[in-house]
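Heads up, my_file24.cif below (mmCIF, C-alpha atoms):
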data_coords
loop_
_atom_site.label_atom_id
_atom_site.label_comp_id
_atom_site.auth_asym_id
_atom_site.auth_seq_id
_atom_site.Cartn_x
_atom_site.Cartn_y
_atom_site.Cartn_z
CA MET T 203 27.10 19.34 48.53
CA GLY T 204 24.21 21.53 49.67
CA LYS T 205 23.64 21.38 53.40
CA ASN T 206 19.83 21.48 53.18
CA HIS T 207 19.84 18.69 50.70
CA GLN T 208 21.90 16.58 53.09
CA VAL T 209 19.49 17.16 55.97
CA ALA T 210 16.52 16.15 53.83
CA LEU T 211 18.22 12.88 52.92
CA THR T 212 19.06 12.12 56.52
CA ARG T 213 15.45 12.58 57.57
CA LYS T 214 14.17 10.37 54.84
CA GLY T 215 16.72 7.72 55.71
CA SER T 216 16.00 7.81 59.42
CA THR T 217 12.34 6.93 59.03
CA ALA T 218 13.34 4.37 56.46
CA LEU T 219 15.46 2.26 58.76
CA MET T 220 14.35 2.99 62.28
CA ARG T 221 11.49 0.65 63.05
CA PRO T 222 12.29 -2.86 64.13
CA THR T 223 9.15 -4.99 64.23
CA GLU T 224 8.59 -7.70 66.81
CA PRO T 225 8.33 -11.26 65.56
CA ALA T 226 5.77 -13.62 67.11
CA GLU T 227 8.26 -16.20 68.42
CA SER T 228 10.71 -15.34 71.15
CA PHE T 229 13.98 -14.26 69.67
CA VAL T 230 16.85 -12.24 70.95
CA THR T 231 17.10 -8.82 69.34
CA PRO T 232 20.72 -8.23 68.38
CA ILE T 233 21.95 -4.70 69.01
CA ALA T 234 22.54 -2.67 65.88
CA ASP T 235 24.15 0.45 64.52
CA VAL T 236 22.68 2.07 61.44
CA TYR T 237 24.47 4.85 59.63
CA GLU T 238 24.62 6.28 56.18
CA THR T 239 27.39 7.23 53.86
CA SER T 240 27.04 9.12 50.60
CA GLU T 241 26.68 5.81 48.79
CA ALA T 242 24.78 3.50 51.10
CA PHE T 243 23.06 2.71 54.38
CA ILE T 244 25.15 0.49 56.61
CA VAL T 245 23.60 -1.81 59.21
CA LYS T 246 25.92 -3.43 61.76
CA LEU T 247 24.62 -6.17 64.01
CA ASP T 248 26.43 -7.84 66.90
CA LEU T 249 26.07 -11.61 66.45
CA PRO T 250 28.75 -13.04 68.74
CA GLY T 251 29.26 -16.76 68.35
CA ALA T 252 27.45 -17.00 65.03
CA ALA T 253 28.84 -19.15 62.26
CA LYS T 254 28.95 -17.31 58.95
CA ASP T 255 26.90 -19.99 57.18
CA SER T 256 24.11 -19.93 59.75
CA ILE T 257 23.22 -16.28 59.18
CA ASN T 258 20.10 -15.76 57.13
CA ILE T 259 19.64 -12.34 55.53
CA ASN T 260 16.43 -11.68 53.67
CA VAL T 261 15.35 -8.65 51.68
CA GLU T 262 11.73 -8.75 50.66
CA GLU T 263 9.89 -5.74 49.28
CA ASN T 264 10.53 -3.15 51.98
CA ARG T 265 11.78 -5.45 54.72
CA LEU T 266 15.25 -6.50 55.68
CA SER T 267 15.39 -9.38 58.13
CA VAL T 268 18.31 -11.12 59.79
CA LYS T 269 17.98 -14.44 61.56
CA CYS T 270 20.67 -16.55 63.09
CA ALA T 271 20.77 -19.41 65.59
CA VAL T 272 23.77 -19.48 67.88
CA GLN T 273 24.65 -22.58 69.85
CA LEU T 274 26.76 -22.36 72.96
CA VAL T 275 28.69 -25.60 73.17
CA ARG T 276 30.03 -26.80 76.51
CA GLU T 277 31.87 -30.07 76.31
CA GLY T 278 30.84 -32.72 78.80
CA THR T 279 28.81 -31.76 81.84
CA PRO T 280 30.84 -29.09 83.56
CA LYS T 281 29.91 -27.21 86.70
CA LEU T 282 28.67 -23.80 85.62
CA LEU T 283 30.23 -20.92 87.53
CA PHE T 284 28.98 -18.10 85.29
CA GLY T 285 26.18 -18.50 82.78
CA GLU T 286 25.48 -15.20 81.06
CA ILE T 287 25.74 -16.58 77.54
CA ARG T 288 22.96 -18.77 76.19
CA SER T 289 22.13 -20.62 73.02
CA LYS T 290 19.68 -18.37 71.22
CA THR T 291 18.19 -17.32 67.94
CA TYR T 292 18.84 -13.75 66.93
CA TYR T 293 16.20 -12.04 64.88
CA ARG T 294 15.73 -8.48 63.74
CA GLU T 295 13.75 -6.78 61.07
CA PHE T 296 14.14 -3.35 59.51
CA VAL T 297 11.66 -1.52 57.34
CA LEU T 298 13.39 -0.09 54.31
CA GLY T 299 12.33 3.15 52.71
CA GLU T 300 12.43 4.09 49.10
CA GLY T 301 15.71 4.89 47.50
CA ILE T 302 17.53 1.67 48.32
CA ASP T 303 18.81 -0.53 45.55
CA HIS T 304 17.77 -3.90 47.05
CA TYR T 305 19.46 -5.99 44.41
CA LYS T 306 22.87 -4.64 45.33
CA THR T 307 22.61 -5.48 49.05
CA GLY T 308 25.89 -6.84 50.31
CA ALA T 309 26.99 -8.40 53.58
CA SER T 310 30.14 -9.39 55.40
CA PHE T 311 30.82 -11.07 58.73
CA ASP T 312 33.90 -10.44 60.80
CA THR T 313 34.72 -10.82 64.53
CA GLY T 314 31.07 -11.55 65.32
CA VAL T 315 29.78 -8.43 63.60
CA LEU T 316 27.51 -8.62 60.58
CA THR T 317 27.78 -5.64 58.25
CA ILE T 318 25.00 -5.17 55.70
CA THR T 319 25.44 -2.59 52.97
CA LEU T 320 22.28 -1.26 51.34
CA PRO T 321 23.35 0.92 48.42
CA LYS T 322 21.31 4.04 47.72
CA SER T 323 19.64 4.19 44.36
CA GLU T 324 20.80 6.89 41.97
CA SER T 325 17.84 9.15 42.78
CA MET T 326 18.68 9.05 46.51
CA LYS T 327 22.32 10.02 46.20
CA ALA T 328 23.27 13.60 46.91
CA ARG T 329 24.19 15.52 43.79
CA GLU T 330 25.85 18.82 43.48
CA ILE T 331 23.88 21.11 41.24
CA PRO T 332 26.00 23.59 39.36
CA ILE T 333 24.78 27.19 39.15
CA LYS T 334 24.92 28.49 35.64
CA MET N 613 21.36 32.43 88.48
CA SER N 614 23.84 30.03 89.92
CA LEU N 615 24.42 26.46 88.94
CA ILE N 616 23.88 23.82 91.60
CA ARG N 617 25.67 20.54 91.34
CA TRP N 618 23.23 17.65 90.94
CA ASN N 619 23.30 15.41 93.95
CA PRO N 620 21.80 12.00 93.27
CA THR N 621 21.00 11.42 96.95
CA ARG N 622 19.23 14.75 97.51
CA GLU N 623 16.01 13.38 96.10
CA LEU N 624 16.24 10.55 98.62
CA SER N 625 16.76 12.90 101.56
CA THR N 626 13.49 14.73 100.95
CA TRP N 627 11.55 11.58 101.74
CA PRO N 628 8.58 11.28 102.12
CA SER N 629 7.55 14.54 100.44
CA ASP N 630 9.00 13.45 97.13
CA PHE N 631 8.07 9.82 96.83
CA PHE N 632 8.29 9.85 93.05
CA GLY N 633 11.78 11.22 93.27
CA VAL N 634 12.75 8.16 95.29
CA GLN N 635 11.04 5.91 92.82
CA ARG N 636 12.85 7.63 89.97
CA GLU N 637 16.13 7.22 91.74
CA ILE N 638 15.55 3.51 92.36
CA ASN N 639 14.53 3.03 88.75
CA ARG N 640 17.71 4.76 87.66
CA LEU N 641 19.83 2.50 89.84
CA PHE N 642 18.07 -0.57 88.51
CA ASP N 643 18.40 0.57 84.93
CA ASN N 644 22.08 1.17 85.37
CA PHE N 645 22.58 -2.11 87.12
CA PHE N 646 20.84 -4.52 84.78
CA ARG N 647 22.27 -5.06 81.39
CA GLY N 648 20.32 -5.25 78.20
CA GLY N 649 17.37 -3.11 79.22
CA MET N 650 15.38 -0.72 77.09
CA GLN N 651 16.97 2.70 77.15
CA ASP N 652 15.13 5.99 77.70
CA ASP N 653 15.35 6.83 74.03
CA GLY N 654 13.63 3.58 73.09
CA SER N 655 16.75 1.80 71.93
CA TYR N 656 17.83 -1.57 73.24
CA GLY N 657 21.22 -2.45 74.51
CA LEU N 658 23.57 -2.19 77.40
CA SER N 659 23.72 0.93 79.48
CA TYR N 660 27.42 0.34 79.81
CA TRP N 661 29.79 -2.02 78.15
CA THR N 662 30.11 -5.24 80.11
CA PRO N 663 30.71 -8.29 77.97
CA ALA N 664 28.72 -11.42 78.85
CA VAL N 665 30.73 -14.33 80.28
CA ASP N 666 30.33 -18.09 80.60
CA ILE N 667 32.62 -19.98 82.96
CA ALA N 668 32.47 -23.77 83.08
CA GLU N 669 34.48 -25.87 85.49
CA HIS N 670 35.62 -29.22 84.13
CA ASP N 671 37.56 -31.85 86.06
CA ASP N 672 40.88 -30.76 84.59
CA ALA N 673 40.28 -27.17 83.45
CA TYR N 674 38.19 -24.02 83.48
CA VAL N 675 36.75 -22.82 80.20
CA VAL N 676 35.92 -19.13 80.06
CA LYS N 677 33.95 -17.69 77.14
CA VAL N 678 33.45 -13.96 76.62
CA GLU N 679 31.22 -12.28 74.06
CA LEU N 680 33.37 -9.63 72.41
CA PRO N 681 31.86 -8.81 69.03
CA GLY N 682 33.75 -6.27 66.98
CA VAL N 683 36.82 -6.20 69.18
CA ASN N 684 40.24 -6.34 67.63
CA ARG N 685 42.18 -9.25 69.13
CA ASP N 686 45.20 -7.02 69.75
CA ASP N 687 43.05 -4.79 71.96
CA VAL N 688 42.27 -7.60 74.42
CA LYS N 689 44.54 -8.31 77.37
CA ILE N 690 44.23 -11.35 79.59
CA THR N 691 46.10 -11.51 82.88
CA MET N 692 46.26 -14.12 85.60
CA GLU N 693 47.39 -13.12 89.05
CA SER N 694 47.25 -15.76 91.76
CA ASN N 695 43.69 -17.01 91.26
CA VAL N 696 42.26 -13.87 89.67
CA LEU N 697 41.63 -13.87 85.95
CA THR N 698 41.25 -10.41 84.43
CA ILE N 699 40.07 -9.71 80.91
CA ARG N 700 40.38 -6.13 79.81
CA GLY N 701 40.32 -4.37 76.51
CA GLU N 702 38.87 -1.73 74.32
CA LYS N 703 36.32 -1.66 71.53
CA LYS N 704 37.26 1.14 69.22
CA GLU N 705 34.78 3.45 67.59
CA GLU N 706 34.63 3.78 63.84
CA LYS N 707 36.75 6.77 63.10
CA ASP N 708 35.50 7.48 59.60
CA VAL N 709 31.81 7.83 60.49
CA LYS N 710 30.51 11.13 61.86
CA LYS N 711 27.99 11.13 64.71
CA ASP N 712 25.51 12.97 62.46
CA ASP N 713 25.47 10.10 60.00
CA PHE N 714 24.11 7.64 62.58
CA HIS N 715 20.43 6.74 62.60
CA ARG N 716 20.77 4.21 65.36
CA MET N 717 23.68 3.67 67.71
CA GLU N 718 23.12 0.82 70.11
CA ARG N 719 26.49 -0.88 70.02
CA MET N 720 28.78 0.15 72.84
CA TYR N 721 32.32 1.38 72.48
CA GLY N 722 35.08 2.03 74.94
CA SER N 723 37.05 0.03 77.43
CA PHE N 724 35.86 -2.88 79.50
CA GLN N 725 37.25 -4.99 82.30
CA ARG N 726 36.04 -8.06 84.13
CA SER N 727 37.79 -10.04 86.83
CA PHE N 728 36.98 -13.44 88.24
CA THR N 729 38.38 -15.35 91.16
CA LEU N 730 38.75 -18.98 90.20
CA PRO N 731 38.09 -21.56 92.93
CA SER N 732 41.36 -23.44 92.50
CA THR N 733 44.89 -23.03 91.25
CA VAL N 734 45.58 -22.92 87.55
CA SER N 735 48.82 -23.87 85.84
CA ASN N 736 49.64 -20.47 84.42
CA GLU N 737 51.96 -21.52 81.62
CA LYS N 738 49.34 -23.72 79.97
CA ILE N 739 46.61 -21.07 79.59
CA ASP N 740 45.32 -20.93 76.06
CA ALA N 741 43.10 -18.28 74.44
CA VAL N 742 41.33 -18.29 71.07
CA TYR N 743 39.25 -15.48 69.55
CA LYS N 744 36.78 -16.53 66.89
CA ASP N 745 33.55 -15.04 65.53
CA GLY N 746 33.33 -12.54 68.36
CA ILE N 747 33.83 -15.06 71.16
CA LEU N 748 36.98 -15.19 73.24
CA SER N 749 37.55 -18.69 74.66
CA ILE N 750 40.13 -19.14 77.38
CA THR N 751 41.12 -22.59 78.60
CA LEU N 752 42.82 -22.63 81.98
CA PRO N 753 44.10 -26.10 82.95
CA LYS N 754 44.00 -26.79 86.66
CA ALA N 755 47.24 -27.24 88.52
CA GLU N 756 48.03 -30.86 89.41
CA GLU N 757 47.24 -30.40 93.09
CA ALA N 758 43.82 -28.95 92.28
CA LYS N 759 42.60 -31.85 90.14
CA PRO N 760 40.11 -34.17 91.78
CA LYS N 761 41.83 -37.33 92.99
CA GLN N 762 40.25 -40.64 93.54
CA ILE N 763 41.45 -42.36 96.64
CA GLU N 764 40.55 -45.92 97.18
CA VAL N 765 39.74 -46.75 100.72
CA LYS N 766 39.93 -50.38 101.61
CA VAL N 767 37.22 -51.63 103.84
CA LYS N 768 38.71 -53.81 106.48
#

In structure tokens, how does this file's structure come out?
Amino acid sequence: MGKNHQVALTRKGSTALMRPTEPAESFVTPIADVYETSEAFIVKLDLPGAAKDSININVEENRLSVKCAVQLVREGTPKLLFGEIRSKTYYREFVLGEGIDHYKTGASFDTGVLTITLPKSESMKAREIPIK
Amino acid sequence: MSLIRWNPTRELSTWPSDFFGVQREINRLFDNFFRGGMQDDGSYGLSYWTPAVDIAEHDDAYVVKVELPGVNRDDVKITMESNVLTIRGEKKEEKDVKKDDFHRMERMYGSFQRSFTLPSTVSNEKIDAVYKDGILSITLPKAEEAKPKQIEVKVK
């Protein structure tokens, strides 16, 4: 794989996925990792306490959005000694660049971490060009 | 040219000639202290890895909840020594991804530890811990002598 080619792809990808936009309501922005492999862009979001079925992932045109309400349940009316965790709604949006095959977006949820896979379209994938 | 070790308090000692140095230093301390702030590079997240905790005291037990997304349950260790509950562990980095391939890296990796002194005695052998969807829930039943007792006082 040509090194220059790789750098060009990384640059294109970085502007593609970097900008989270602020929604109007007050949401909690979940922290995220974004990285790319030769096949896809991977977005990992920390959503501790989320139930798998309550996570809403939406891909529309060039936007990927994730929304999820998390309820902290305390049984009865206990005395609170430490209250750093709250019920909240997580929301985050990413602007997607060209070269992502939206229809093949996949997601999995494990140990409170949501992993979204955005496969690169054929034109975006690095190809080795043979020299004749 | 020689290298001089950076001394974080030097900027403070030049007061008042370097007021902005003091301000910078205070800002740095605040930034390091408070979790969840905006980082210098514009990313969100924790400046160090301290999981958030919720501790509720019920009549018969304490319920401790810890946010530990992405942590392998085998990498978490819970210990109870006299009245001090310690939760320690490690969140491991993804080995197969190179640093260069990251566009955004906000999630924290590495080891963490938090300790709490509980107000009353806990019956150690009945402590129960469950890890689900990134939340560790520990139930610590109170020892018999620590439970609230109702004593009827007869009015003569």

Residues within 12 Å of Thr751 (chain N), all atoms listed in the file, excluding chain neighbours under 2 positions, as an MDAnalysis selection string: chainID N and resid 666:670 672:678 690 697 734:743 748:749 753:754

From N:Leu752, N:Met717, N:Ile747, N:Val696, residue lying nearest Val683 (chain N) [all atoms listed in the file]: N:Ile747

Resolved residues for the PyMOL selection byres ((chain N and resi 700) around 9) as a ChimeraX atom specification: /N:687-691,698-699,701-702,723-727

Interface residues on chain T facing chain N, 8 Å, only C-alpha atoms, written as JSON, numbers by chain: {"T": [212, 215, 216, 219, 220, 233, 234, 235, 236, 237, 238, 239, 248, 249, 250, 251, 252, 253, 276, 278, 279, 280, 281, 282, 283, 284, 285, 286, 287, 312, 313, 314, 315]}

Residue nearest Gly308 (chain T) among T:Glu324, T:Val275, T:Glu263, T:Phe243 (counting all atoms listed in the file):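 Checking each of T:Glu324, T:Val275, T:Glu263, T:Phe243 against Gly308 (chain T), counting all atoms listed in the file, the winner is T:Phe243.
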
Computed interatomic separation between CA of Lys707 (chain N) and CA of Glu295 (chain T) (Å): 26.8 Å

Interatomic distance (Å, one decimal) between CA of Leu266 (chain T) and CA of His304 (chain T):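 Interatomic distance, CA of Leu266 (chain T) to CA of His304 (chain T): 9.4 Å.
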
Coordinates-based distance that separates CA of Asp255 (chain T) from CA of Ser228 (chain T) (Å, one decimal): 21.9 Å

Selection: 10 Å around Gly722 (chain N), all atoms listed in the file, excl. self and same-chain fewer than 4 positions, as an NGL selection string: :N and (660-661 or 701-705)

Chain and number of each residue from the PyMOL selection byres ((chain T and resi 327) around 10), as a PyMOL selection string: chain T and resi 208+211+239-242+301-302+321-326+328-330

Residues in the PyMOL selection byres ((chain T and resi 256-259) around 7), expressed as a list in words: Ala252, Ala253, Lys254, Asp255, Asn260, Val261, Ser267, Val268, Lys269, Cys270 and Ala271 of chain T

The centre and edge lengths of an axis-aligned box containing all atoms of region 250-266 of chain T present in the file, extended by 4 Å on each side, are to be given in Å to one decimal, as JSON.
{"center_x": 19.6, "center_y": -11.6, "center_z": 59.0, "size_x": 27.4, "size_y": 24.8, "size_z": 27.5}
